[in-house]
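Worksheet: the structure to be examined is printed underneath.
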Amino acid sequence: MSDSADATQAPEGYPGVGRVLVVIPTYNEADNIRIIVERVRQAVPLVDILVADDNSPDGTGRIADELAGADEHVRVLHRPGKQGLGAAYIAGFGWAREHGYDAVVEMDADGSHAPEELPRLLDALAEADAVLGSRYVAGGTVVNWPTSRLLISRGGNVYTRLALGMPFRDATGGYRAYRLPVLDKIELDSVSSQGYCFQVDLAWRAFRNGFRVVEVPITFADRERGASKMSQSIVREAFWRVTVWGTKARLATLRRMLGGGPR
Ligand SMILES: Nc1nc2c(ncn2[C@@H]2O[C@H](COP(=O)(O)OP(=O)(O)OP(=O)(O)O)[C@@H](O)[C@H]2O)c(=O)[nH]1
Ligand SMILES: [Mg+2]
């Protein structure tokens, strides 16, 4: 695919990063998928796209097939049914590894993550192992979200930072870029988190493994079309898992202090 003769496609991929695959998970995004794929192709012709569709009843997978048929930089991973965002990303990352990519990008299909900002994420990745698109660092912002949603997101991030002792301002965001060796090291096979928690899980694993993780400000816009998949169970999952991880990490620190401290 990316070894095509496209005039804009350098065989070595994005400068300082290499071959990049943008993974877009979809469930019922028929109204959005054409627009987002087109925007990515326009914004960064140097990257390829993989749509990871969970057999969307609204035909998103068929539309993605049409797009792939017309553009060799677009591919589709058809999955049998709705298994959650995390499972779709893990499958997409595996596909990237099998096809020799150097880096992957996570991007929602609903336009919340602007493809026009992708060059800034990839430029930062040239100097890092992973880049988190961040709504809550200076220069980052959220547009058009209801206050209730913003409160859940901000509160969740404050709780995550305190519970895990991670420095990131936005650990739940889903606009990111990872170099493949990071994903190899953090044992993706053992990740079972699904909703936002999937994002916290990966940030936490990258952080604990000592990778260079940087936050880059983004402008996040609420979805304009299609239905939300956000649910209370997604928030509950994130809360209890973060609590368990934070408690385990603190207990481990305590054990080290008691067992290995100075006499
Ligand atoms: N393949 C797959 N994609 C999913 C699944 N759940 C959500 N997605 C996709 O993941 C991305 C993020 O989901 P969203 O529904 O936008 O979640 P959100 O941004 O928290 O909430 P809203 O924007 O309010 O809908 C979108 O592209 C969804 O289509 C799933 O189970 N499987
Ligand atoms: Mg969304």
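If you're wondering about the labels, chains in the structure tokens are A, B, ... by order shown, residues count from 1 in each chain, ligands from 1 in order shown.
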
Surroundings of ligand 1 up to 9 Å, based on only C-alpha atoms and all ligand atoms, as a ChimeraX atom specification: /A:24-29,32-33,51-56,78-79,81-89,107-112,145,149,173-174,194-196,221-224,226-231,234

DSSP on the backbone, strand (DSSP E) only: what residues of range 83-176 of chain A does that give? Format it as a ChimeraX atom specification. /A:103-106,130-134,141-143,176

Selection above as a file: N, CA, C and O atoms, as a short mmCIF file (atom, residue, chain, number, x, y, z; two decimals), in the first residue's frame:
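Result file follows (out01.cif):
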data_model
loop_
_atom_site.label_atom_id
_atom_site.label_comp_id
_atom_site.auth_asym_id
_atom_site.auth_seq_id
_atom_site.Cartn_x
_atom_site.Cartn_y
_atom_site.Cartn_z
N ALA A 103 4.76 3.52 13.16
CA ALA A 103 3.97 4.25 14.15
C ALA A 103 2.49 4.14 13.83
O ALA A 103 2.12 3.95 12.66
N VAL A 104 1.67 4.25 14.88
CA VAL A 104 0.22 4.26 14.68
C VAL A 104 -0.37 5.51 15.32
O VAL A 104 0.16 6.03 16.30
N VAL A 105 -1.49 5.95 14.74
CA VAL A 105 -2.24 7.08 15.30
C VAL A 105 -3.63 6.57 15.67
O VAL A 105 -4.21 5.78 14.93
N GLU A 106 -4.15 7.01 16.81
CA GLU A 106 -5.54 6.75 17.19
C GLU A 106 -6.35 7.99 16.83
O GLU A 106 -5.98 9.10 17.22
N ALA A 130 5.80 8.44 22.38
CA ALA A 130 4.35 8.50 22.28
C ALA A 130 3.90 9.94 22.46
O ALA A 130 4.53 10.70 23.20
N VAL A 131 2.82 10.32 21.78
CA VAL A 131 2.30 11.68 21.87
C VAL A 131 0.82 11.61 22.23
O VAL A 131 0.06 10.87 21.59
N LEU A 132 0.44 12.34 23.27
CA LEU A 132 -0.96 12.42 23.66
C LEU A 132 -1.53 13.75 23.20
O LEU A 132 -1.04 14.80 23.64
N GLY A 133 -2.53 13.73 22.32
CA GLY A 133 -3.24 14.96 21.99
C GLY A 133 -3.97 15.39 23.25
O GLY A 133 -4.72 14.61 23.83
N SER A 134 -3.77 16.62 23.70
CA SER A 134 -4.26 17.00 25.03
C SER A 134 -5.17 18.22 24.98
O SER A 134 -4.82 19.27 24.44
N THR A 141 -8.07 22.83 23.93
CA THR A 141 -9.41 23.29 24.26
C THR A 141 -10.47 22.27 23.84
O THR A 141 -10.21 21.37 23.05
N VAL A 142 -11.67 22.45 24.40
CA VAL A 142 -12.83 21.63 24.03
C VAL A 142 -13.91 22.57 23.53
O VAL A 142 -14.22 23.56 24.17
N VAL A 143 -14.46 22.25 22.37
CA VAL A 143 -15.47 23.11 21.77
C VAL A 143 -16.82 22.38 21.75
O VAL A 143 -16.88 21.22 21.32
N ARG A 176 -3.99 10.25 19.57
CA ARG A 176 -2.63 9.92 20.03
C ARG A 176 -1.78 9.35 18.92
O ARG A 176 -2.30 8.88 17.91
#

Nearest-residue call for ligand 2, choices A:Ala114, A:Val158, A:Leu188, A:Ala43, using only C-alpha atoms and all ligand atoms: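 Nearest to ligand 2: A:Ala114.
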
Nearest to ligand 2 among A:Val235, A:His113, A:Gly140, A:Ile35, with distances taken over only C-alpha atoms and all ligand atoms: which residue is it?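 Of A:Val235, A:His113, A:Gly140, A:Ile35, the one nearest ligand 2, counting only C-alpha atoms and all ligand atoms, is A:His113.
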
Can you work out the spacing between CA of Pro217 in chain A and CA of Tyr136 in chain A in Å, to one decimal? 7.4 Å

Sel. of alpha helix (DSSP H) residues, range 67-126 of chain A, as a ChimeraX atom specification: /A:67-70,85-98,118-125

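We find CA of Gly16 in chain A and CA of Ala126 in chain A to be spaced 4.7 Å apart.
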
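When only C-alpha atoms and all ligand atoms are used to compute distances to ligand 2, the closest of the residues A:Arg169, A:Arg19, A:Arg225, A:Arg236 turns out to be A:Arg225.
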
My list of candidates is A:Pro119, A:Tyr175, A:Gln42, A:Leu258. Which is closest to ligand 2 when distances are computed with only C-alpha atoms and all ligand atoms?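 Using only C-alpha atoms and all ligand atoms, the shortest distance to ligand 2 belongs to A:Tyr175.
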
A:Tyr14, A:Trp240, A:Trp95, A:Trp245 ranked by distance to Gly165 in chain A, top pick (using only C-alpha atoms):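 The shortest atom-to-atom distance to Gly165 in chain A comes from A:Trp245.
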
As a check of understanding: the span from CA of Ser192 in chain A to CA of Leu121 in chain A is 26.0 Å

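Among the candidate residues A:Val40, A:Ala30, A:Val17, A:Ala128, the one lying nearest to Pro57 in chain A is A:Ala30, with distances computed using only C-alpha atoms.
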
Identify, on the basis of only C-alpha atoms, every residue whose closest approach to Cys197 in chain A does not exceed 8 Å; exclude the query and any residue fewer than 3 positions from it along the same chain; express the result as a list in words. Thr172, Ser193, Gln194, Val200, Asp201, Ile234, Glu237, Ala238, Arg241 and Val242 of chain A

Dump as a short mmCIF file (atom, residue, chain, number, x, y, z; two decimals), in the first residue's frame, selection limited to C-alpha atoms:
data_model
loop_
_atom_site.label_atom_id
_atom_site.label_comp_id
_atom_site.auth_asym_id
_atom_site.auth_seq_id
_atom_site.Cartn_x
_atom_site.Cartn_y
_atom_site.Cartn_z
CA THR A 172 -8.33 9.87 28.76
CA SER A 193 -9.82 -2.05 29.21
CA GLN A 194 -12.42 -0.92 26.72
CA VAL A 200 -5.58 5.58 30.53
CA ASP A 201 -4.29 2.00 30.50
CA ILE A 234 -17.62 3.36 30.39
CA GLU A 237 -15.01 0.93 34.18
CA ALA A 238 -12.44 3.75 34.14
CA ARG A 241 -9.73 0.18 37.13
CA VAL A 242 -7.81 3.42 37.87
#

Write out as a PyMOL selection string each polymer residue whose atoms come within 10 Å of Leu180 in chain A, counting only C-alpha atoms; drop sequence neighbours fewer than 6 positions from it. chain A and resi 20+93-94+96-97+100-104+129-130
